[in-house]
Each structure stands twice: as structure tokens, then as C-alpha cells.
file start_32.txt (compact mmCIF, C-alpha atoms)
# COMPACT_ATOMS: atom_id res chain seq x y z
CA MET A 117 74.17 131.85 121.25
CA MET A 118 76.20 129.39 119.18
CA LYS A 119 77.01 132.16 116.71
CA PHE A 120 78.24 134.36 119.58
CA LEU A 121 80.47 131.58 120.96
CA LEU A 122 81.97 130.96 117.52
CA SER A 123 82.73 134.67 117.16
CA LEU A 124 84.32 134.75 120.63
CA VAL A 125 86.52 131.72 119.88
CA THR A 126 87.59 133.27 116.56
CA LEU A 127 88.49 136.52 118.34
CA LEU A 128 90.55 134.71 121.00
CA ILE A 129 92.42 132.71 118.35
CA THR A 130 93.17 135.90 116.42
CA ILE A 131 94.46 137.66 119.57
CA SER A 132 96.58 134.65 120.50
CA SER A 133 98.00 134.46 116.98
CA CYS A 134 98.88 138.16 116.98
CA LYS A 135 100.56 137.86 120.39
CA SER A 136 102.58 134.86 119.23
CA SER A 137 103.71 136.74 116.14
CA THR A 138 104.67 139.73 118.28
CA ASP A 139 106.63 137.50 120.68
CA VAL A 140 108.49 135.89 117.81
CA ILE A 141 109.42 139.28 116.36
CA GLU A 142 110.49 140.59 119.78
CA ASN A 143 112.52 137.48 120.59
CA SER A 144 114.18 137.64 117.17
CA LYS A 145 115.05 141.30 117.75
CA ASN A 146 116.58 140.56 121.17
CA MET A 147 118.50 137.58 119.81
CA HIS A 148 120.14 139.63 117.05
CA GLU A 149 120.88 142.74 119.12
CA THR A 150 124.62 142.93 119.69
CA PRO A 151 126.66 144.59 122.47
CA SER A 152 127.68 148.16 121.64
CA GLY A 153 129.08 151.13 123.51
CA THR A 154 130.11 151.06 127.15
CA TYR A 155 128.58 149.20 130.08
CA TYR A 156 129.27 149.68 133.79
CA ILE A 157 129.60 146.31 135.52
CA THR A 158 127.36 146.05 138.58
CA GLN A 159 127.46 142.36 139.40
CA LEU A 160 129.92 139.43 139.28
CA GLY A 161 128.01 136.25 140.03
CA ASN A 162 126.14 137.12 143.23
CA THR A 163 128.58 139.88 144.24
CA ASP A 164 127.69 143.57 143.92
CA VAL A 165 130.71 145.32 142.33
CA SER A 166 129.02 148.59 141.35
CA LEU A 167 131.54 150.58 143.43
CA ASN A 168 134.57 149.06 141.68
CA GLU A 169 134.02 151.17 138.53
CA ILE A 170 134.51 148.21 136.18
CA THR A 171 133.67 149.06 132.56
CA ILE A 172 133.56 147.19 129.27
CA SER A 173 133.33 148.87 125.85
CA PHE A 174 132.47 147.21 122.51
CA ASP A 175 133.60 148.51 119.12
CA GLU A 176 131.31 146.86 116.55
CA THR A 177 133.36 148.07 113.58
CA SER A 178 136.54 146.26 114.65
CA ASN A 179 135.15 143.64 117.06
CA ASN A 180 137.54 144.91 119.72
CA VAL A 181 136.74 145.16 123.40
CA THR A 182 138.38 147.48 125.94
CA GLY A 183 137.67 148.50 129.49
CA PHE A 184 138.73 148.94 133.10
CA ALA A 185 138.86 145.80 135.24
CA SER A 186 138.93 147.49 138.70
CA CYS A 187 142.69 148.17 138.80
CA ASN A 188 144.00 147.75 135.25
CA SER A 189 142.77 148.60 131.78
CA PHE A 190 142.21 145.62 129.48
CA PHE A 191 141.79 145.05 125.76
CA GLY A 192 141.15 142.20 123.36
CA SER A 193 138.72 140.89 120.76
CA TYR A 194 135.26 139.35 120.71
CA SER A 195 132.92 137.62 118.30
CA THR A 196 129.14 137.12 118.40
CA GLU A 197 126.60 134.94 116.64
CA ASN A 198 122.96 135.34 117.62
CA ASN A 199 123.12 135.41 121.43
CA THR A 200 126.49 133.65 121.76
CA ILE A 201 129.71 135.55 122.46
CA THR A 202 133.38 134.63 122.77
CA PHE A 203 136.15 136.83 124.15
CA GLY A 204 139.67 136.20 122.86
CA ASP A 205 143.22 137.46 123.44
CA ILE A 206 142.31 139.51 126.51
CA ALA A 207 145.36 141.35 127.89
CA ALA A 208 145.67 143.87 130.72
CA SER A 209 148.12 146.45 132.03
CA LYS A 210 150.29 145.46 134.99
CA LYS A 211 149.42 147.97 137.70
CA TRP A 212 149.16 146.55 141.24
CA CYS A 213 146.34 147.54 143.61
CA SER A 214 145.13 146.38 147.02
CA LYS A 215 144.37 142.70 147.59
CA ASP A 216 140.58 143.21 147.63
CA ILE A 217 140.61 145.11 144.33
CA MET A 218 142.92 142.59 142.67
CA THR A 219 140.63 139.74 143.79
CA ILE A 220 137.65 141.38 142.06
CA GLU A 221 139.73 142.07 138.96
CA LYS A 222 140.91 138.48 138.68
CA GLN A 223 137.33 137.23 139.09
CA PHE A 224 136.11 139.60 136.36
CA LEU A 225 138.83 138.65 133.84
CA LYS A 226 138.36 134.95 134.57
CA SER A 227 134.60 135.32 134.08
CA LEU A 228 135.18 136.96 130.68
CA SER A 229 137.13 133.90 129.56
CA LEU A 230 134.23 131.62 130.56
CA VAL A 231 131.37 133.62 129.04
CA ASN A 232 129.61 131.99 126.06
CA SER A 233 126.26 133.81 125.85
CA PHE A 234 124.74 137.22 126.46
CA SER A 235 121.34 138.90 126.68
CA ILE A 236 120.41 142.57 126.34
CA ASP A 237 117.39 144.14 128.01
CA THR A 238 116.98 147.85 127.23
CA ASN A 239 119.60 149.46 129.53
CA SER A 240 121.30 146.31 130.86
CA ILE A 241 123.42 143.41 129.63
CA SER A 242 124.07 139.97 131.11
CA PHE A 243 126.87 137.54 130.30
CA SER A 244 126.53 133.86 131.17
CA GLU A 245 128.26 130.52 130.90
CA ASN A 246 125.43 128.36 129.65
CA ASP A 247 122.64 129.26 132.14
CA ASN A 248 124.98 130.46 134.89
CA LEU A 249 125.01 134.28 135.21
CA LEU A 250 128.61 135.51 135.47
CA ILE A 251 128.51 139.27 134.74
CA LYS A 252 125.82 141.92 134.68
CA GLY A 253 126.12 145.57 133.65
CA ILE A 254 124.20 148.74 132.82
CA ARG A 255 124.73 151.47 130.24
CA THR A 256 124.69 154.47 132.59
CA ILE A 257 125.71 155.37 136.12
CA ALA A 258 122.78 155.92 138.49
CA ALA A 259 121.85 159.59 138.56
CA SER A 260 121.97 159.61 142.36
CA LYS A 261 125.75 159.20 142.20
CA LYS A 262 126.31 162.25 140.03
CA SER A 263 127.79 165.39 141.58
CA THR A 264 125.98 168.53 140.49
CA THR A 265 128.95 170.86 140.19
CA THR A 266 132.64 171.07 139.46
CA GLY A 267 132.83 174.38 141.29
CA ASP A 268 134.46 172.92 144.40
CA SER A 269 138.05 172.63 143.22
CA TYR A 270 139.00 170.54 146.22
CA LYS A 271 136.80 167.72 144.93
CA THR A 272 137.84 167.96 141.29
CA ALA A 273 140.80 166.10 139.75
CA VAL A 274 142.01 164.78 136.40
CA LYS A 275 143.81 161.45 136.04
CA TYR A 276 145.69 160.39 132.91
CA GLU A 277 147.29 156.97 132.45
CA ALA A 278 149.30 155.67 129.51
CA SER A 279 150.76 152.18 129.50
CA THR A 280 152.14 149.40 127.37
CA ARG A 281 154.05 146.24 128.19
CA GLY A 282 157.25 148.06 129.11
CA SER A 283 156.08 151.58 129.93
CA PHE A 284 153.73 153.28 132.37
CA ASP A 285 152.87 156.95 133.00
CA PHE A 286 150.50 158.22 135.68
CA ILE A 287 149.43 161.85 136.08
CA LEU A 288 146.98 163.14 138.70
CA ILE A 289 146.23 166.87 138.83
CA SER A 290 144.05 168.76 141.28
CA LYS A 291 144.11 172.16 142.96
CA HIS A 292 146.31 170.60 145.63
CA GLY A 293 149.08 169.71 143.19
CA ILE A 294 150.44 167.26 140.63
CA SER A 295 151.28 163.60 141.25
CA ILE A 296 153.46 161.81 138.69
CA SER A 297 154.62 158.19 138.61
CA LYS A 298 156.20 155.65 136.27
CA ASP A 299 155.66 152.86 138.82
CA GLN A 300 152.68 150.66 137.90
CA SER A 301 152.16 149.75 141.56
CA LEU A 302 152.11 153.50 142.40
CA GLN A 303 154.42 152.84 145.34
CA THR A 304 156.72 155.62 144.12
CA ILE A 305 154.99 158.93 143.35
CA GLN A 306 156.56 162.35 142.77
CA LYS A 307 154.45 165.21 144.11
CA HIS A 308 154.69 168.80 142.93
CA SER A 309 152.84 172.05 143.53
CA ILE A 310 150.74 173.56 140.74
CA ASP A 311 150.50 177.10 139.52
CA LEU A 312 146.96 178.30 140.27
CA ALA A 313 146.63 179.97 136.86
CA GLN A 314 147.39 176.60 135.22
CA TRP A 315 144.82 174.93 137.43
CA GLU A 316 142.15 177.48 136.53
CA GLU A 317 142.79 176.86 132.81
CA LEU A 318 142.52 173.12 133.36
CA LYS A 319 139.38 173.47 135.47
CA ASN A 320 137.71 175.54 132.74
CA LEU A 321 138.40 172.76 130.24
CA ILE A 322 136.89 170.23 132.68
CA GLU A 323 133.76 172.33 133.08
CA ASN A 324 133.35 172.44 129.29
CA THR A 325 133.58 168.64 129.02
CA ASP A 326 130.40 166.58 128.72
CA LEU A 327 130.99 164.14 131.57
CA GLU A 328 127.90 162.04 130.83
CA THR A 329 129.18 161.06 127.38
CA LEU A 330 132.85 160.66 128.33
CA ASN A 331 132.54 156.88 128.40
CA GLN A 332 131.05 156.85 124.88
CA LEU A 333 133.87 158.65 123.05
CA LYS A 334 135.21 156.91 119.95
CA PRO A 335 139.01 156.64 119.65
CA PRO A 336 140.15 158.05 116.28
CA SER A 337 142.75 155.27 115.92
CA GLN A 338 143.33 151.78 117.30
CA LYS A 339 147.12 151.34 117.35
CA HIS A 340 147.05 150.53 121.09
CA GLN A 341 145.28 147.26 120.30
CA TYR A 342 148.43 145.82 118.71
CA ASP A 343 151.01 147.70 120.80
CA GLY A 344 151.47 150.35 118.11
CA ALA A 345 150.78 153.02 120.75
CA LEU A 346 150.44 153.27 124.50
CA HIS A 347 147.01 152.48 125.99
CA ALA A 348 145.70 155.76 127.35
CA THR A 349 142.69 156.68 129.49
CA LEU A 350 141.50 159.98 130.91
CA ALA A 351 139.37 160.11 134.05
CA ILE A 352 137.71 163.12 135.65
CA GLN A 353 136.84 162.89 139.32
CA ILE A 354 134.03 165.10 140.61
CA GLY A 355 133.46 164.53 144.30
CA ASP A 356 133.26 160.78 144.83
CA VAL A 357 132.32 160.00 141.21
CA GLU A 358 134.85 159.17 138.49
CA TYR A 359 134.02 159.53 134.78
CA MET A 360 136.39 157.58 132.52
CA THR A 361 136.97 157.41 128.77
CA PRO A 362 137.39 154.18 126.81
CA THR A 363 141.02 153.32 126.01
CA PHE A 364 142.56 155.37 123.19
CA ASP A 365 145.99 155.83 121.57
CA HIS A 366 148.39 157.97 123.58
CA GLY A 367 149.14 160.95 121.34
CA ASN A 368 145.84 160.72 119.47
CA PRO A 369 142.91 161.31 121.86
CA PRO A 370 139.28 161.72 120.78
CA MET A 371 138.65 165.21 119.43
CA GLU A 372 136.19 166.02 122.25
CA ILE A 373 138.93 165.80 124.91
CA GLU A 374 141.98 166.71 122.83
CA ALA A 375 142.42 170.16 124.40
CA LEU A 376 142.00 168.72 127.91
CA VAL A 377 144.50 165.89 127.31
CA ASN A 378 147.03 168.26 125.76
CA LYS A 379 146.71 170.60 128.74
CA VAL A 380 147.29 167.74 131.20
CA LEU A 381 150.41 166.61 129.32
CA SER A 382 151.66 170.19 128.98
CA ILE A 383 151.35 170.80 132.74
CA LYS A 384 153.16 167.54 133.40
CA GLU A 385 156.04 168.39 131.02
CA LYS A 386 156.48 171.89 132.47
CA THR A 387 156.48 170.42 135.98
CA VAL A 388 159.13 167.82 135.14
CA LYS A 389 161.43 170.45 133.59
CA GLN A 390 161.36 172.68 136.67
call {"tool": "encode", "arguments": {"input": "start_32.txt", "output": "C-alpha cells"}}
result
Amino acid sequence: MMKFLLSLVTLLITISSCKSSTDVIENSKNMHETPSGTYYITQLGNTDVSLNEITISFDETSNNVTGFASCNSFFGSYSTENNTITFGDIAASKKWCSKDIMTIEKQFLKSLSLVNSFSIDTNSISFSENDNLLIKGIRTIAASKKSTTTGDSYKTAVKYEASTRGSFDFILISKHGISISKDQSLQTIQKHSIDLAQWEELKNLIENTDLETLNQLKPPSQKHQYDGALHATLAIQIGDVEYMTPTFDHGNPPMEIEALVNKVLSIKEKTVKQ
């Protein structure tokens, strides 16, 4: 009996030791995992903001951060050490939206300035100030939100924005027509009809675009981060879902959407000249 008890105790100690070692390895892995790619922000403090389409994208090679803050695109830098993170020099475009949207945007940007730690758990990320949760996000949009087809042209549109401190261009194209504006508040918008043949060409390019990876595209250059180029984004709206790219240099889009971007700009230029 005594021999059995000794064997049992030895086994329990061994199991406990193995579990402790596993926990240490797992904790060490989580501590040294760094933010990468794009996250969709779902929560600010205790507020659900999943419908505001806020995104944040991390470029590990340059330690630059970009994203969409609910109304405006933003960009800046970040640094990490273990599970601590600091955001610096965050700037945003100057578009004006409704009061409710601007309130959420201001809360998000303020929270970024307060964040000092992060944690990553598989598909989600959390940013905190000490132990106070400020921001929470996920890597992918819930599948239930995804539209299954782009066949209904009345629910399909392409939006292109390019901005810098003294310039702003807005283009929205759908089967219904083309909307163009240089007004960041979008109070003044020029509306034009669209040639259906042009729309069909654009729609074919949309249908050949991988919407699920649009938010993961890598900009081929980073001039927009120091005002060397306009900050550009492309968004494709399918039904009530909008898929948006990370910020890239106007005039140098990611290869995967180059044909689509060029077509949008070509349609806009032809429309303006008419």
C-alpha cells in the first residue's frame, strides 16, 4: 500500500511539473506575440462599436499603424516590448461626420493615446491602460454579416478616398451613378450619371477581387506616412457590408487592386472632363 501511495504521489508531482512547464511556455509565447495585420474594433470600454467599422492595421516591418477611426483614416507609429505597447504621433484626416460618429471616433483616438499594454488571444486583441480595458478587436468580420453575392448591382458600390493635410478627393461609384467631392465634410457633392458599359467593366473587376483578404493587403510603398503621398483607401460595399483596404499611397496601390483602382480613377477623370 505504501509503495502504491508513493507511486501515486510521484505521478501527481510529475503531472503538475509538466503542466507548470507547459503554462510557462504558453505564457511566454503569448507575452512575446506582437500585433500584426488588421483588426476590426468591436468594443470601446463597455460600448459595442462593431457597427462603426473601426479598423487598426499593424506593419511589423516599419512599426507603423494605420486604420479607420469611424469617420477618418488615421496613421502613426507604435512600439512594443513584451506585452507593453505605446502609440505615438497619431494623426488623422479632417473629414466631418455626424455627431454620434465623431463622438465614437474621438473616444477611440483618445483611448489609443492612453493604451500601455495589450494581450492577444487567438483571433482577438485587447488594449488596456494598466488593468483597465480600453479597446477590443477581432481579426475577421463575423461570417453572418457577409453578403453572398455581388450580382445585385443596386447593392454594390466602390468608394475611393485620397487625402492629405491640404487635399481631399472622394469618389463613390455604383450602378446609380458617380458621386465626387473635394469637401471633407461631404456637404458639397457633384453627382453624375454613369455609362452602363463602364459600370459592367467595374463590376467585373469587383467580382474578381478577394473581398475577405482586402483588409490584409500590403501597401507597396509608405510615402503617405510622412506626407510624401496622399493617404488612399479603397472600400467595396456589398449590401450592408463594407470591405476596406489598409491605407496606401495614392498613385501606388497594392498590386491586387491596381486594376480596380485605376478603373475607378479613369471613370472619375472621364466624368469630370465631360
call {"tool": "closest_residue", "arguments": {"input": "start_32.txt", "among": "A:Lys298, A:Leu333, A:Tyr156, A:Gly161", "to": "A:Glu372", "atoms": "all atoms listed in the file"}}
result
A:Leu333
call {"tool": "atom_distance", "arguments": {"input": "start_32.txt", "atom1": "atom CA of A:Thr150", "atom2": "atom CA of A:Phe234"}}
result
8.9 Å
call {"tool": "closest_residue", "arguments": {"input": "start_32.txt", "among": "A:Lys215, A:Asn324, A:Leu160, A:Leu330", "to": "A:Ser227", "atoms": "only C-alpha atoms"}}
result
A:Leu160
call {"tool": "atom_distance", "arguments": {"input": "start_32.txt", "atom1": "atom CA of A:Thr325", "atom2": "atom CA of A:Gly153"}}
result
18.9 Å
call {"tool": "closest_residue", "arguments": {"input": "start_32.txt", "among": "A:Ser173, A:Gln338, A:Ser233, A:Ser244", "to": "A:Thr202", "atoms": "all atoms listed in the file"}}
result
A:Ser233
call {"tool": "closest_residue", "arguments": {"input": "start_32.txt", "among": "A:Cys187, A:Met371, A:Leu249, A:Leu350", "to": "A:Ser209", "atoms": "all atoms listed in the file"}}
result
A:Cys187
call {"tool": "atom_distance", "arguments": {"input": "start_32.txt", "atom1": "atom CA of A:Asp164", "atom2": "atom CA of A:Asn188"}}
result
18.9 Å
